[in-house]
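The data block below is protein_38.txt; it holds compact mmCIF, C-alpha atoms.
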# COMPACT_ATOMS: atom_id res chain seq x y z
CA MET A 899 0.00 0.00 0.00
CA LEU A 900 1.47 3.31 -0.99
CA ARG A 901 -0.28 6.62 -0.91
CA ARG A 902 1.05 10.11 -1.01
CA ASN A 903 -0.47 13.31 0.15
CA ARG A 904 -0.53 16.14 -2.34
CA SER A 905 -0.26 19.08 0.03
CA LYS A 906 3.04 20.90 -0.13
CA PRO A 907 5.36 20.57 2.86
CA ASP A 908 6.08 24.30 2.88
CA GLN A 909 2.46 25.00 3.78
CA LEU A 910 2.74 22.99 6.94
CA PRO A 911 2.67 24.83 10.24
CA THR A 912 5.52 24.12 12.62
CA SER A 913 4.83 22.48 15.93
CA ALA A 914 7.47 24.53 17.71
CA ASP A 915 4.86 26.14 19.93
CA ARG A 916 4.08 22.70 21.32
CA GLY A 917 7.66 22.09 22.37
CA ALA A 918 8.59 20.19 19.24
CA THR A 919 12.05 20.31 17.73
CA ALA A 920 12.33 21.13 14.05
CA ILE A 921 12.86 17.82 12.28
CA VAL A 922 16.08 19.00 10.66
CA ALA A 923 17.50 19.69 14.13
CA ALA A 924 16.39 16.43 15.75
CA GLN A 925 19.26 14.24 16.90
CA PRO A 926 19.37 10.45 16.95
CA ARG A 927 19.42 8.44 20.19
CA VAL A 928 18.17 11.18 22.45
CA ALA A 929 14.60 11.68 23.59
CA VAL A 930 13.04 14.20 21.25
CA ARG A 931 9.63 15.58 20.37
CA VAL A 932 8.88 16.36 16.76
CA GLY A 933 5.67 17.32 15.08
CA GLY A 934 4.27 17.54 11.62
CA GLU A 935 1.85 16.22 9.11
CA VAL A 936 1.42 12.61 8.09
CA THR A 937 2.59 12.58 4.48
CA ARG A 938 2.93 8.88 3.82
CA MET A 939 1.63 5.67 5.34
CA ARG A 940 2.83 2.23 4.50
CA ALA A 941 2.10 -1.18 5.95
CA ARG A 942 5.29 -3.19 5.99
CA PRO A 943 4.67 -6.83 5.41
CA THR A 944 8.30 -7.51 4.55
CA THR A 945 9.38 -9.97 7.21
CA GLY A 946 6.00 -11.38 8.03
CA VAL A 947 5.83 -9.19 11.12
CA PRO A 948 3.18 -6.54 10.63
CA ALA A 949 4.43 -2.99 11.01
CA LEU A 950 3.07 0.41 10.13
CA ALA A 951 5.59 2.93 8.78
CA VAL A 952 4.39 6.52 8.82
CA THR A 953 6.30 9.48 7.41
CA ILE A 954 5.78 12.74 9.25
CA SER A 955 6.97 16.00 7.70
CA ASP A 956 7.36 19.53 8.90
CA ALA A 957 8.71 22.49 6.96
CA THR A 958 12.28 21.37 7.60
CA GLY A 959 12.23 17.65 6.85
CA SER A 960 10.71 14.25 7.44
CA VAL A 961 10.97 11.45 9.97
CA VAL A 962 9.62 7.93 9.85
CA ALA A 963 7.75 6.33 12.74
CA VAL A 964 7.38 2.56 12.78
CA TRP A 965 4.80 0.91 14.97
CA THR A 966 5.35 -2.80 15.20
CA GLY A 967 2.64 -5.41 15.42
CA ARG A 968 -0.05 -3.37 13.73
CA ARG A 969 -1.16 -2.27 10.30
CA SER A 970 -3.18 0.79 11.25
CA ILE A 971 -3.72 3.19 14.12
CA GLY A 972 -7.10 4.80 14.69
CA GLY A 973 -7.02 8.51 13.92
CA LEU A 974 -3.65 8.39 12.22
CA THR A 975 -4.44 9.24 8.64
CA LEU A 976 -2.81 11.12 5.80
CA GLY A 977 -2.81 14.85 6.42
CA ARG A 978 -3.23 14.46 10.16
CA HIS A 979 -0.99 16.61 12.34
CA VAL A 980 0.73 14.70 15.09
CA LEU A 981 3.40 15.03 17.74
CA LEU A 982 5.85 12.21 18.29
CA ASP A 983 7.84 11.61 21.45
CA GLY A 984 10.57 9.05 21.43
CA VAL A 985 14.11 8.10 20.57
CA ALA A 986 15.03 7.86 16.92
CA VAL A 987 17.86 6.17 15.10
CA ARG A 988 19.35 7.28 11.81
CA ARG A 989 18.42 4.92 9.03
CA GLY A 990 19.94 6.08 5.79
CA GLN A 991 19.14 9.76 5.48
CA VAL A 992 16.13 9.89 7.78
CA LEU A 993 15.49 9.46 11.46
CA GLU A 994 13.34 6.50 12.36
CA PHE A 995 11.36 6.10 15.56
CA THR A 996 10.25 2.72 16.86
CA ASN A 997 6.91 2.74 18.66
CA PRO A 998 7.03 6.43 19.62
CA ALA A 999 4.34 7.96 21.80
CA TYR A 1000 2.05 10.01 19.58
CA THR A 1001 -0.40 12.82 20.10
CA LEU A 1002 -3.04 13.49 17.50
CA LEU A 1003 -3.51 17.22 16.99
CA PRO A 1004 -6.86 18.70 16.05
CA MET B 857 32.31 -1.02 21.74
CA LYS B 858 30.02 -0.40 24.63
CA VAL B 859 28.03 -3.50 25.54
CA VAL B 860 25.25 -3.86 28.11
CA ILE B 861 24.42 -7.39 29.20
CA ALA B 862 21.25 -8.14 31.11
CA GLY B 863 21.43 -11.20 33.30
CA ALA B 864 24.55 -12.35 35.15
CA GLY B 865 23.89 -16.06 34.90
CA SER B 866 26.49 -18.34 33.43
CA VAL B 867 25.74 -17.07 29.91
CA GLY B 868 25.88 -13.39 30.82
CA ARG B 869 29.03 -13.72 32.89
CA TYR B 870 30.79 -15.75 30.23
CA MET B 871 29.91 -13.18 27.57
CA ALA B 872 30.99 -10.32 29.81
CA VAL B 873 34.40 -11.81 30.50
CA GLN B 874 34.98 -12.71 26.86
CA LEU B 875 33.98 -9.26 25.65
CA LEU B 876 36.08 -7.53 28.30
CA GLY B 877 38.99 -9.66 27.15
CA SER B 878 38.47 -8.37 23.63
CA GLY B 879 38.74 -4.82 24.93
CA HIS B 880 35.09 -3.87 25.03
CA ASP B 881 33.43 -1.76 27.66
CA VAL B 882 30.94 -4.07 29.40
CA THR B 883 28.20 -3.40 31.94
CA LEU B 884 26.44 -6.37 33.48
CA ILE B 885 22.97 -5.92 34.98
CA GLU B 886 21.82 -8.39 37.64
CA GLN B 887 18.69 -8.20 39.74
CA SER B 888 19.65 -10.66 42.45
CA SER B 889 22.26 -9.36 44.89
CA ASP B 890 22.92 -13.00 45.88
CA VAL B 891 24.10 -13.79 42.39
CA SER B 892 26.18 -10.61 42.13
CA ASN B 893 27.83 -11.13 45.50
CA ARG B 894 28.64 -14.73 44.76
CA HIS B 895 30.35 -14.03 41.43
CA ARG B 896 31.66 -10.52 41.72
CA ALA B 897 34.83 -11.53 43.51
CA TYR B 898 35.81 -13.86 40.68
CA ALA B 899 35.03 -11.46 37.86
CA PRO B 900 37.58 -9.04 36.38
CA GLU B 901 37.66 -5.70 38.16
CA SER B 902 37.08 -3.78 34.97
CA LEU B 903 33.62 -5.36 34.66
CA CYS B 904 30.98 -2.86 35.68
CA TRP B 905 28.16 -4.46 37.72
CA LEU B 906 24.79 -2.84 38.10
CA ALA B 907 22.18 -4.08 40.56
CA GLY B 908 18.65 -3.70 39.30
CA ASP B 909 15.80 -4.96 37.19
CA ALA B 910 16.79 -4.70 33.52
CA CYS B 911 13.10 -4.58 32.60
CA GLU B 912 12.99 -1.11 34.17
CA LEU B 913 13.83 1.90 32.04
CA ASP B 914 15.78 3.56 34.85
CA THR B 915 18.06 0.55 35.20
CA LEU B 916 18.74 0.40 31.48
CA ALA B 917 19.46 4.14 31.47
CA ALA B 918 21.82 3.79 34.42
CA ALA B 919 23.63 1.00 32.59
CA GLY B 920 24.32 3.43 29.78
CA CYS B 921 21.98 2.10 27.11
CA ALA B 922 21.71 5.58 25.65
CA ASP B 923 25.13 5.24 24.08
CA ALA B 924 25.51 1.46 24.06
CA ASP B 925 26.40 -0.19 20.76
CA VAL B 926 24.98 -3.55 21.74
CA VAL B 927 22.49 -4.77 24.32
CA ALA B 928 22.35 -8.49 25.01
CA ALA B 929 19.27 -9.74 26.86
CA VAL B 930 20.44 -13.11 28.15
CA THR B 931 18.43 -13.75 31.29
CA GLY B 932 16.91 -17.15 31.89
CA ASP B 933 13.45 -15.73 31.32
CA ASP B 934 12.15 -15.23 27.78
CA GLU B 935 9.54 -12.65 28.79
CA ASP B 936 12.22 -10.55 30.46
CA ASN B 937 14.49 -10.90 27.44
CA LEU B 938 11.73 -9.67 25.15
CA VAL B 939 10.92 -6.70 27.39
CA ILE B 940 14.59 -5.75 27.66
CA SER B 941 15.05 -6.05 23.88
CA LEU B 942 12.01 -3.94 23.13
CA LEU B 943 13.00 -1.22 25.60
CA ALA B 944 16.58 -1.16 24.33
CA LYS B 945 15.41 -0.68 20.75
CA GLN B 946 12.42 1.55 21.36
CA GLU B 947 13.59 3.77 24.18
CA PHE B 948 17.32 3.94 23.48
CA GLY B 949 17.66 3.18 19.78
CA VAL B 950 20.38 0.62 20.45
CA PRO B 951 21.79 -0.38 17.04
CA ARG B 952 22.22 -4.06 17.83
CA VAL B 953 20.01 -6.00 20.19
CA VAL B 954 20.72 -9.66 20.89
CA GLY B 955 18.07 -11.79 22.57
CA ARG B 956 18.54 -15.19 24.13
CA VAL B 957 15.78 -17.71 23.57
CA ASN B 958 15.42 -20.12 26.47
CA ASN B 959 12.35 -22.02 25.37
CA PRO B 960 12.38 -22.80 21.63
CA ASP B 961 8.58 -22.43 21.56
CA ASN B 962 9.15 -18.71 22.07
CA GLU B 963 11.63 -18.27 19.26
CA TRP B 964 9.05 -16.92 16.81
CA MET B 965 8.62 -13.82 18.97
CA PHE B 966 12.30 -12.89 18.94
CA THR B 967 12.01 -10.67 15.87
CA GLU B 968 12.16 -6.99 15.04
CA MET B 969 8.63 -6.73 16.39
CA TRP B 970 10.16 -7.01 19.84
CA GLY B 971 13.28 -5.09 18.93
CA VAL B 972 15.48 -8.17 18.55
CA ASP B 973 18.08 -7.97 15.77
CA LEU B 974 19.66 -11.33 16.49
CA SER B 975 18.12 -14.14 18.45
CA VAL B 976 20.20 -16.95 19.82
CA SER B 977 18.42 -20.07 20.89
CA THR B 978 20.48 -22.45 22.97
CA PRO B 979 18.22 -25.47 22.38
CA HIS B 980 18.17 -24.73 18.67
CA LEU B 981 21.96 -24.36 18.57
CA LEU B 982 22.38 -27.61 20.45
CA THR B 983 20.06 -29.39 18.05
CA SER B 984 22.00 -27.98 15.11
CA MET B 985 25.28 -29.04 16.61
CA VAL B 986 24.09 -32.55 17.29
CA GLU B 987 22.70 -32.68 13.79
CA GLU B 988 25.96 -31.33 12.45
CA ALA B 989 27.97 -33.88 14.41
CA VAL B 990 26.04 -36.82 13.11
CA SER B 991 25.21 -35.79 9.60
CA VAL B 992 27.43 -35.98 6.60
CA GLY B 993 25.87 -34.81 3.39
CA ALA B 994 23.03 -32.92 5.00
CA PHE B 995 22.22 -29.25 4.95
CA VAL B 996 22.29 -27.94 8.53
CA ARG B 997 21.12 -24.45 9.43
CA LEU B 998 23.35 -22.99 12.12
CA LEU B 999 22.27 -19.43 12.62
CA SER B 1000 19.59 -17.07 11.46
CA LEU B 1001 20.49 -13.41 10.93
CA GLU B 1002 18.39 -10.29 10.40
CA GLY B 1003 15.19 -12.00 11.45
CA GLY B 1004 15.70 -14.95 9.14
CA LYS B 1005 16.56 -12.95 6.02
CA ALA B 1006 20.02 -14.47 6.00
CA ARG B 1007 21.05 -17.87 7.28
CA LEU B 1008 24.35 -19.47 7.98
CA ALA B 1009 24.26 -23.11 7.00
CA GLU B 1010 26.74 -25.93 6.90
CA VAL B 1011 27.13 -28.93 4.67
CA THR B 1012 29.65 -31.70 5.26
CA LEU B 1013 30.30 -33.04 1.80
CA ALA B 1014 29.51 -36.72 1.42
CA ALA B 1015 31.41 -38.84 -1.07
CA GLY B 1016 28.58 -38.56 -3.57
CA SER B 1017 28.24 -34.79 -3.46
CA PRO B 1018 28.11 -33.20 -6.94
CA ALA B 1019 30.37 -30.37 -5.68
CA ILE B 1020 33.45 -32.53 -5.11
CA GLY B 1021 36.37 -31.82 -7.43
CA ILE B 1022 34.89 -28.64 -8.84
CA GLU B 1023 36.33 -25.14 -8.46
CA LEU B 1024 34.06 -22.91 -6.40
CA ALA B 1025 33.79 -20.35 -9.18
CA ARG B 1026 32.47 -23.03 -11.54
CA LEU B 1027 30.03 -24.47 -9.06
CA GLY B 1028 27.27 -22.09 -10.11
CA MET B 1029 26.31 -21.00 -6.60
CA PRO B 1030 23.24 -18.72 -6.71
CA ARG B 1031 23.74 -15.00 -6.30
CA GLU B 1032 21.85 -15.10 -3.00
CA SER B 1033 24.57 -17.19 -1.43
CA THR B 1034 28.26 -17.22 -0.71
CA VAL B 1035 30.68 -19.77 0.68
CA VAL B 1036 32.22 -18.10 3.72
CA ALA B 1037 34.59 -20.83 4.91
CA VAL B 1038 35.66 -24.37 4.24
CA LEU B 1039 36.77 -26.49 7.20
CA ARG B 1040 39.18 -29.18 6.06
CA ASP B 1041 41.18 -31.54 8.31
CA GLY B 1042 40.87 -29.15 11.23
CA HIS B 1043 42.03 -26.14 9.20
CA VAL B 1044 39.99 -23.23 7.96
CA VAL B 1045 40.36 -22.67 4.24
CA VAL B 1046 39.42 -19.20 3.08
CA PRO B 1047 37.39 -19.89 -0.04
CA ARG B 1048 38.53 -18.43 -3.36
CA GLY B 1049 37.23 -18.96 -6.83
CA ASP B 1050 39.85 -21.63 -7.48
CA THR B 1051 39.28 -23.56 -4.25
CA VAL B 1052 38.41 -27.14 -5.11
CA LEU B 1053 36.04 -28.87 -2.70
CA ARG B 1054 36.88 -32.31 -1.38
CA ASP B 1055 35.16 -35.21 0.27
CA LEU B 1056 34.33 -34.48 3.96
CA ASP B 1057 34.94 -30.74 3.63
CA GLU B 1058 32.66 -28.79 5.94
CA VAL B 1059 31.36 -25.95 3.83
CA LEU B 1060 29.88 -22.92 5.58
CA VAL B 1061 27.47 -21.02 3.39
CA LEU B 1062 25.68 -17.74 3.94
CA VAL B 1063 22.32 -17.86 2.20
CA THR B 1064 19.81 -15.07 1.76
CA GLY B 1065 16.37 -15.11 0.24
CA ASP B 1066 15.39 -18.16 -1.74
CA GLY B 1067 18.86 -19.41 -2.56
CA GLU B 1068 18.67 -22.31 -0.15
CA ALA B 1069 17.15 -24.90 -2.47
CA ASP B 1070 19.81 -24.24 -5.11
CA VAL B 1071 22.64 -24.44 -2.58
CA ARG B 1072 21.27 -27.67 -1.25
CA ARG B 1073 21.04 -29.10 -4.76
CA LEU B 1074 24.63 -28.06 -5.58
CA LEU B 1075 26.27 -29.28 -2.40
CA VAL B 1076 24.10 -32.16 -1.25
CA GLY B 1077 22.81 -33.40 -4.58
Same coordinates, now as structure tokens:
Amino acid sequence: MLRRNRSKPDQLPTSADRGATAIVAAQPRVAVRVGGEVTRMRARPTTGVPALAVTISDATGSVVAVWTGRRSIGGLTLGRHVLLDGVAVRRGQVLEFTNPAYTLLP
Amino acid sequence: MKVVIAGAGSVGRYMAVQLLGSGHDVTLIEQSSDVSNRHRAYAPESLCWLAGDACELDTLAAAGCADADVVAAVTGDDEDNLVISLLAKQEFGVPRVVGRVNNPDNEWMFTEMWGVDLSVSTPHLLTSMVEEAVSVGAFVRLLSLEGGKARLAEVTLAAGSPAIGIELARLGMPRESTVVAVLRDGHVVVPRGDTVLRDLDEVLVLVTGDGEADVRRLLVG
């Protein structure tokens, strides 16, 4: 499953007022809060273990959040604004969170 | 490398001493003060002991998981090992998480879903070793890497193996596989394209994807 949102990243509001770090400034392996819009959702069936990989973008960049053991999360849809709290690792060019805490923004 | 080991049983202590000996920075977490007290005196002084429950975030943080390169969850309890693995991956982003499987029935859970990069199952290893000891001409899986995406397997070539007398480069091994070592008369032969396989050679093969059937056909017949 691959879908892409058509809204432009530069129109996205920043989540800095909610204590979020700009994605470009987020560091790996330290607890960090980032926020942005869900721009891509993908169910990963690769290894037989279900996992949901969600790309979240703010005006400065994108991160990927992977939730293991599930293929969807209620309320988490394309275009939704969310905050993520967790520890990320660098995978290739992007930061990837595993099972971060998330807050759905109105 | 900085290594955190959870569980100071015989497995954890052995690993800790070996890794220290190789110059790594090792922290050993043990919940039971009885166990720590009994073994601490015999352990190298450079080994850092931490008393606490490795299933607790605070303990893992105190052990230095935030900048650890490897966490090994090797307690005698599979549930604990899974919790430790998940926390290490999820809360600290540890690049390499090793989980020990005590009960082979639980092995299926030791995957990336629980943060485990490499699972080591003692019963499974023992089975493989017994199998390996008794079987000539059979394809024995030794180790599974990256959640089963790659496997290390071994074949001891029987007299009738189609691979005997052929140069490795001409064997037609599938692209998904590579011969990583040949054990011959107690020596390790580093395989090259012109290495010719012989009767009773133990051939170690790394196989990814679907290459296994082809490797089996080429080496076992």
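Counting all atoms listed in the file and comparing A:Leu982, A:Val930, A:Val952, A:Val947, the residue that lies closest to chain B is A:Val947.
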- Task: Using only C-alpha atoms, find which residues of chain B lie within 7 Å of chain A and jot them down as a list in words.
- Result: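 Selected residues: Ala922, Gln946, Glu947, Phe948, Gly949 and Met969 of chain B.
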Separating atom CA of B:Trp970 from atom CA of A:Asp956, to the nearest tenth of an Å, is a gap of 28.8 Å
Applying 7 Å and all atoms listed in the file, which residues near B:Ala1006 remain after dropping the ones on its own chain fewer than 4 positions away? List them as a CSV table (one decimal) with C-alpha atoms, in the coordinates of the input.
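Below you can see part.csv, which holds the result:
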chain,number,residue,atom,x,y,z
B,1000,SER,CA,19.6,-17.1,11.5
B,1001,LEU,CA,20.5,-13.4,10.9
B,1002,GLU,CA,18.4,-10.3,10.4
B,1062,LEU,CA,25.7,-17.7,3.9
B,1063,VAL,CA,22.3,-17.9,2.2
B,1064,THR,CA,19.8,-15.1,1.8
B,1065,GLY,CA,16.4,-15.1,0.2
Centre and size of axis-aligned box enclosing stretch 995-999 of chain B plus 3 Å each side, as lines of an AutoDock Vina configuration file:
center_x = 22.2
center_y = -24.3
center_z = 8.8
size_x = 8.2
size_y = 15.8
size_z = 13.7
Original post:
What lies within 9 Å of B:Val926 using only C-alpha atoms, ignoring chain neighbours under 4 positions off, as a ChimeraX atom specification?
Top reply: /B:857-861,921,950-954
What separates atom CA of B:Val1036 and atom CA of B:Glu1010 is a distance of 10.1 Å
One decimal place gives the atom CA of B:Ile1022-atom CA of B:Lys1005 separation as 28.3 Å
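Taking only C-alpha atoms into account, the residues near (3.4, 14.6, 16.6), no farther than 9 Å, are Ser913, Ala918, Arg931, Val932, Gly933, Gly934, Glu935, Val936, Ile954, His979, Val980, Leu981, Leu982, Asp983, Ala999, Tyr1000, Thr1001, Leu1002 and Leu1003 of chain A.
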- Task: Do a neighbour search on B:Ala918 at 12 Å with all atoms listed in the file, toss out local chain neighbours closer than 6 positions, and write the hits as a list of chain:residue names.
- Result: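 Non-adjacent residues within range: B:Val860, B:Thr883, B:Leu884, B:Ile885, B:Cys904, B:Trp905, B:Leu906, B:Ala907, B:Gly908, B:Asp909, B:Ala910, B:Glu912, B:Ala924, B:Phe948.
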Nearest to A:Ile971: which of A:Met939, A:Ala920, A:Ser955, A:Pro1004 is it, counting all atoms listed in the file?
->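 Closest to A:Ile971, using all atoms listed in the file: A:Met939.
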Using only C-alpha atoms, the best pick from A:Leu976, A:Ala951, A:Ala924, A:Val961 as closest to A:Leu993 would be A:Val961
Item to check | Nearby residues, (37.7, -10.7, 29.7) file frame, 12 Å, all atoms listed in the file, as a list in words | outcome: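 Final list of nearby residues, as requested, is Arg869, Tyr870, Met871, Ala872, Val873, Gln874, Leu875, Leu876, Gly877, Ser878, Gly879, His880, Asp881, Val882, Tyr898, Ala899, Pro900, Glu901, Ser902, Leu903 and Cys904 of chain B.
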